[in-house]
$ cat structure33.cif   # mmCIF, C-alpha atoms
data_structure
loop_
_atom_site.label_atom_id
_atom_site.label_comp_id
_atom_site.auth_asym_id
_atom_site.auth_seq_id
_atom_site.Cartn_x
_atom_site.Cartn_y
_atom_site.Cartn_z
CA MET A 35 0.00 0.00 0.00
CA ARG A 36 1.26 3.50 -0.81
CA GLU A 37 2.30 5.85 1.91
CA PHE A 38 0.65 9.26 1.76
CA VAL A 39 1.83 12.45 3.38
CA VAL A 40 -1.20 14.22 4.78
CA VAL A 41 -0.73 17.95 5.10
CA SER A 42 -2.18 19.53 8.21
CA VAL A 43 -5.14 21.82 7.70
CA LEU A 44 -5.05 25.30 9.21
CA HIS A 45 -7.86 26.19 11.59
CA GLN A 46 -7.25 29.95 11.61
CA PRO A 47 -8.85 32.05 8.88
CA VAL A 48 -6.72 33.00 5.91
CA TRP A 49 -8.33 36.22 4.73
CA LEU A 50 -7.52 37.39 1.22
CA PRO A 51 -9.02 40.28 -0.72
CA PHE A 52 -11.82 39.22 -3.05
CA ILE A 53 -12.29 41.27 -6.20
CA GLU A 54 -15.81 40.96 -7.56
CA SER A 55 -14.90 41.90 -11.12
CA LEU A 56 -15.16 39.02 -13.55
CA VAL A 57 -11.97 38.43 -15.50
CA PRO A 58 -12.71 37.21 -19.02
CA ALA A 59 -9.01 36.67 -19.77
CA GLY A 60 -7.57 39.95 -18.78
CA PHE A 61 -6.44 41.69 -15.63
CA PRO A 62 -8.86 43.04 -13.02
CA SER A 63 -8.76 46.70 -12.30
CA PRO A 64 -6.68 47.34 -9.18
CA ALA A 65 -9.14 50.09 -8.22
CA LEU A 66 -10.41 49.70 -4.67
CA ASP A 67 -14.04 50.10 -5.73
CA HIS A 68 -13.90 46.58 -7.17
CA GLU A 69 -12.73 45.06 -3.91
CA SER A 70 -15.84 44.20 -1.95
CA ALA A 71 -14.99 41.63 0.66
CA ALA A 72 -12.41 39.31 2.06
CA LEU A 73 -12.68 35.56 1.72
CA ASP A 74 -11.45 33.03 4.25
CA LEU A 75 -9.81 30.34 2.12
CA ASN A 76 -10.08 27.78 4.91
CA ALA A 77 -13.85 28.23 5.20
CA LEU A 78 -14.25 28.22 1.42
CA LEU A 79 -12.00 25.26 0.58
CA LEU A 80 -12.16 23.26 3.80
CA PRO A 81 -15.65 23.47 5.34
CA HIS A 82 -15.01 20.35 7.46
CA PRO A 83 -11.37 20.81 8.53
CA ASP A 84 -11.41 17.94 11.03
CA ALA A 85 -12.51 15.53 8.29
CA THR A 86 -10.55 16.97 5.37
CA TYR A 87 -7.09 16.13 4.18
CA LEU A 88 -4.87 17.46 1.42
CA ILE A 89 -3.08 15.07 -0.86
CA ARG A 90 -1.03 15.41 -4.02
CA CYS A 91 -1.89 13.15 -6.94
CA PHE A 92 0.47 11.74 -9.50
CA GLY A 93 0.02 10.07 -12.86
CA ASP A 94 -2.10 11.00 -15.85
CA SER A 95 -5.25 8.87 -15.53
CA MET A 96 -7.35 11.91 -14.54
CA MET A 97 -5.86 14.31 -17.10
CA GLY A 98 -8.14 15.51 -19.86
CA GLY A 99 -11.24 16.03 -17.76
CA GLU A 100 -12.98 19.34 -17.20
CA ASP A 101 -11.77 19.49 -13.57
CA GLY A 102 -8.17 20.15 -14.61
CA ILE A 103 -6.63 17.39 -12.48
CA ARG A 104 -3.07 16.67 -13.52
CA SER A 105 -0.03 15.01 -12.04
CA GLY A 106 1.11 17.16 -9.13
CA SER A 107 -2.30 18.67 -8.40
CA LEU A 108 -3.03 19.25 -4.73
CA LEU A 109 -6.46 17.87 -3.81
CA ALA A 110 -8.72 18.78 -0.90
CA VAL A 111 -10.55 15.59 0.11
CA ASP A 112 -13.60 15.70 2.40
CA CYS A 113 -14.38 12.50 4.32
CA THR A 114 -17.80 13.66 5.52
CA LEU A 115 -19.41 13.73 2.09
CA LYS A 116 -21.44 10.77 0.86
CA PRO A 117 -20.08 9.94 -2.60
CA GLN A 118 -22.45 10.57 -5.50
CA SER A 119 -22.29 9.69 -9.16
CA ASN A 120 -19.77 11.86 -11.02
CA ASP A 121 -17.77 12.71 -7.85
CA VAL A 122 -14.01 12.40 -8.01
CA VAL A 123 -13.03 10.11 -5.13
CA ILE A 124 -10.06 8.53 -3.42
CA ALA A 125 -11.01 4.86 -3.34
CA SER A 126 -9.68 1.40 -2.69
CA LEU A 127 -11.00 -1.66 -4.52
CA ASP A 128 -10.36 -5.24 -3.42
CA GLY A 129 -7.96 -4.05 -0.72
CA MET A 130 -5.54 -2.74 -3.33
CA ASP A 131 -3.72 0.59 -3.39
CA TYR A 132 -5.67 3.81 -3.31
CA THR A 133 -6.75 5.32 -6.60
CA LEU A 134 -8.12 8.65 -7.77
CA LYS A 135 -11.06 8.17 -10.14
CA ARG A 136 -14.50 9.47 -11.00
CA LEU A 137 -17.31 7.43 -9.42
CA ILE A 138 -20.03 6.85 -12.02
CA GLN A 139 -23.38 5.12 -11.78
CA ARG A 140 -24.41 3.89 -15.23
CA PRO A 141 -28.03 3.66 -16.44
CA ASP A 142 -28.11 -0.07 -15.59
CA GLN A 143 -27.42 0.99 -11.94
CA SER A 144 -23.88 -0.48 -11.97
CA TRP A 145 -21.08 1.55 -10.37
CA TRP A 146 -17.71 2.17 -12.00
CA LEU A 147 -14.42 3.90 -11.24
CA VAL A 148 -13.75 5.90 -14.39
CA PRO A 149 -10.57 7.76 -15.34
CA ASP A 150 -10.95 11.09 -17.15
CA ASN A 151 -8.15 10.12 -19.53
CA PRO A 152 -9.75 7.97 -22.29
CA THR A 153 -6.56 5.93 -22.76
CA TYR A 154 -7.25 4.24 -19.40
CA THR A 155 -9.90 1.61 -18.74
CA ALA A 156 -12.89 2.04 -16.43
CA VAL A 157 -13.13 -0.48 -13.58
CA PRO A 158 -16.47 -1.96 -12.54
CA ILE A 159 -17.30 -2.16 -8.85
CA GLU A 160 -18.63 -5.68 -8.87
CA SER A 161 -18.44 -6.35 -5.14
CA PRO A 162 -19.34 -3.31 -3.02
CA ASP A 163 -18.19 -5.05 0.16
CA VAL A 164 -14.56 -4.79 -0.99
CA PHE A 165 -14.88 -1.19 -2.16
CA THR A 166 -14.06 1.78 0.09
CA VAL A 167 -14.24 5.49 -0.59
CA TRP A 168 -11.70 7.39 1.52
CA GLY A 169 -13.08 10.80 0.60
CA VAL A 170 -14.59 13.03 -2.06
CA VAL A 171 -12.36 15.54 -3.83
CA THR A 172 -13.86 18.99 -3.36
CA HIS A 173 -11.12 21.29 -4.66
CA ILE A 174 -8.08 21.07 -6.91
CA VAL A 175 -5.07 23.38 -6.65
CA ASN A 176 -2.74 23.59 -9.63
CA GLU A 177 0.36 25.67 -10.09
CA THR A 178 0.79 28.07 -12.95
CA ARG A 179 4.42 28.65 -12.00
CA PRO A 180 5.97 25.20 -11.46
CA GLY A 181 7.76 24.48 -8.21
CA LYS A 182 6.27 27.03 -5.84
CA LEU A 183 3.49 24.85 -4.41
CA GLY A 184 5.84 21.96 -3.73
CA GLN A 185 8.23 24.26 -1.91
CA HIS A 186 5.50 25.50 0.41
CA VAL A 187 3.75 22.21 1.22
CA ARG A 188 5.48 20.57 4.14
CA ALA A 189 4.44 17.73 6.39
CA ARG A 190 4.30 18.48 10.11
#
$ encode --input "structure33.cif" --output "structure tokens"
Amino acid sequence: MREFVVVSVLHQPVWLPFIESLVPAGFPSPALDHESAALDLNALLLPHPDATYLIRCFGDSMMGGEDGIRSGSLLAVDCTLKPQSNDVVIASLDGMDYTLKRLIQRPDQSWWLVPDNPTYTAVPIESPDVFTVWGVVTHIVNETRPGKLGQHVRAR
């Protein structure tokens, strides 16, 4: 079984300015009249901090989907959520290693673990008693400038 480094979740608010202007693909006006509030990133990204962990994924089986998951993405995973069809989950099947896949219920009511990358094969969940969901991915953090996120994520 793989060893995961779980990053501790902050319990103090992290307030950042929130600019209400929509950015079509440009730069928001730095004028103060556009700044309307401050957002607490912990409350926004981690509503259940005692049941949420952060984990970095690797590999390309989830690349190509609309969520933008790629190798190196940092994932916020909430253990309090009941998995639903189309959720991205951390799961274990048949006691094997953990995997990151989309949980899909097909029209025939069968459940599958489906990669977003079409070059990988979907896996049927044929025996629910040997299937475990370890959490539902709620947020994905990707770098636009490689290396910075990895430098700032440290295990306690």
$ residues_near_point --input "structure33.cif" --point "(-10.2, 12.7, -14.2)" --cutoff "10 Å" --atoms "all atoms listed in the file" --output "VMD selection string"
chain A and resid 94 to 104 121 to 123 134 to 136 148 to 152
$ resolve_selection --input "structure33.cif" --expression "the PyMOL selection byres ((chain A and resi 143) around 12)" --output "ChimeraX atom specification"
/A:119,138-142,144-146,158-160
$ write_last_selection --input "structure33.cif" --atoms "C-alpha atoms" --output "tab-separated table (two decimals), in the coordinates of the input"
chain	number	residue	atom	x	y	z
A	119	SER	CA	-22.29	9.69	-9.16
A	138	ILE	CA	-20.03	6.85	-12.02
A	139	GLN	CA	-23.38	5.12	-11.78
A	140	ARG	CA	-24.41	3.89	-15.23
A	141	PRO	CA	-28.03	3.66	-16.44
A	142	ASP	CA	-28.11	-0.07	-15.59
A	144	SER	CA	-23.88	-0.48	-11.97
A	145	TRP	CA	-21.08	1.55	-10.37
A	146	TRP	CA	-17.71	2.17	-12.00
A	158	PRO	CA	-16.47	-1.96	-12.54
A	159	ILE	CA	-17.30	-2.16	-8.85
A	160	GLU	CA	-18.63	-5.68	-8.87
$ closest_residue --input "structure33.cif" --among "A:Gly106, A:Thr166, A:Thr114, A:Ala125" --to "Pro180 in chain A" --atoms "all atoms listed in the file"
A:Gly106
$ residues_around --input "structure33.cif" --residues "Ser107 in chain A" --least-positions-apart "2" --cutoff "9 Å" --atoms "all atoms listed in the file" --output "list in words"
Ile89, Arg90, Cys91, Phe92, Gly102, Ile103, Arg104, Ser105, Leu109, Ile174, Val175, Asn176 and Glu177 of chain A
$ atom_distance --input "structure33.cif" --atom1 "CA of Asp112 in chain A" --atom2 "CA of Leu75 in chain A"
15.1 Å
$ resolve_selection --input "structure33.cif" --expression "the PyMOL selection byres ((chain A and resi 49) around 8)" --output "ChimeraX atom specification"
/A:47-48,50-51,72-75
$ residues_around --input "structure33.cif" --residues "Ala110 in chain A" --least-positions-apart "4" --cutoff "6 Å" --atoms "only C-alpha atoms" --output "VMD selection string"
chain A and resid 87 to 88 171 to 173
$ closest_residue --input "structure33.cif" --among "A:Trp168, A:Thr178, A:Ala77, A:Ala85" --to "Asp131 in chain A" --atoms "all atoms listed in the file"
A:Trp168
$ closest_residue --input "structure33.cif" --among "A:Gly169, A:Gly93, A:Pro162, A:Pro83" --to "Gln118 in chain A" --atoms "only C-alpha atoms"
A:Gly169
$ atom_distance --input "structure33.cif" --atom1 "CA of His82 in chain A" --atom2 "CA of Thr133 in chain A"
22.2 Å
$ atom_distance --input "structure33.cif" --atom1 "CA of Val164 in chain A" --atom2 "CA of Met130 in chain A"
9.5 Å
$ closest_residue --input "structure33.cif" --among "A:Pro58, A:Leu137, A:Gln46, A:Val111" --to "Leu79 in chain A" --atoms "only C-alpha atoms"
A:Val111
$ closest_residue --input "structure33.cif" --among "A:Ala156, A:Leu78, A:Asp84, A:Leu147" --to "Ser126 in chain A" --atoms "all atoms listed in the file"
A:Leu147
$ closest_residue --input "structure33.cif" --among "A:Ser161, A:Thr86, A:Asn76, A:Val170" --to "Pro117 in chain A" --atoms "all atoms listed in the file"
A:Val170
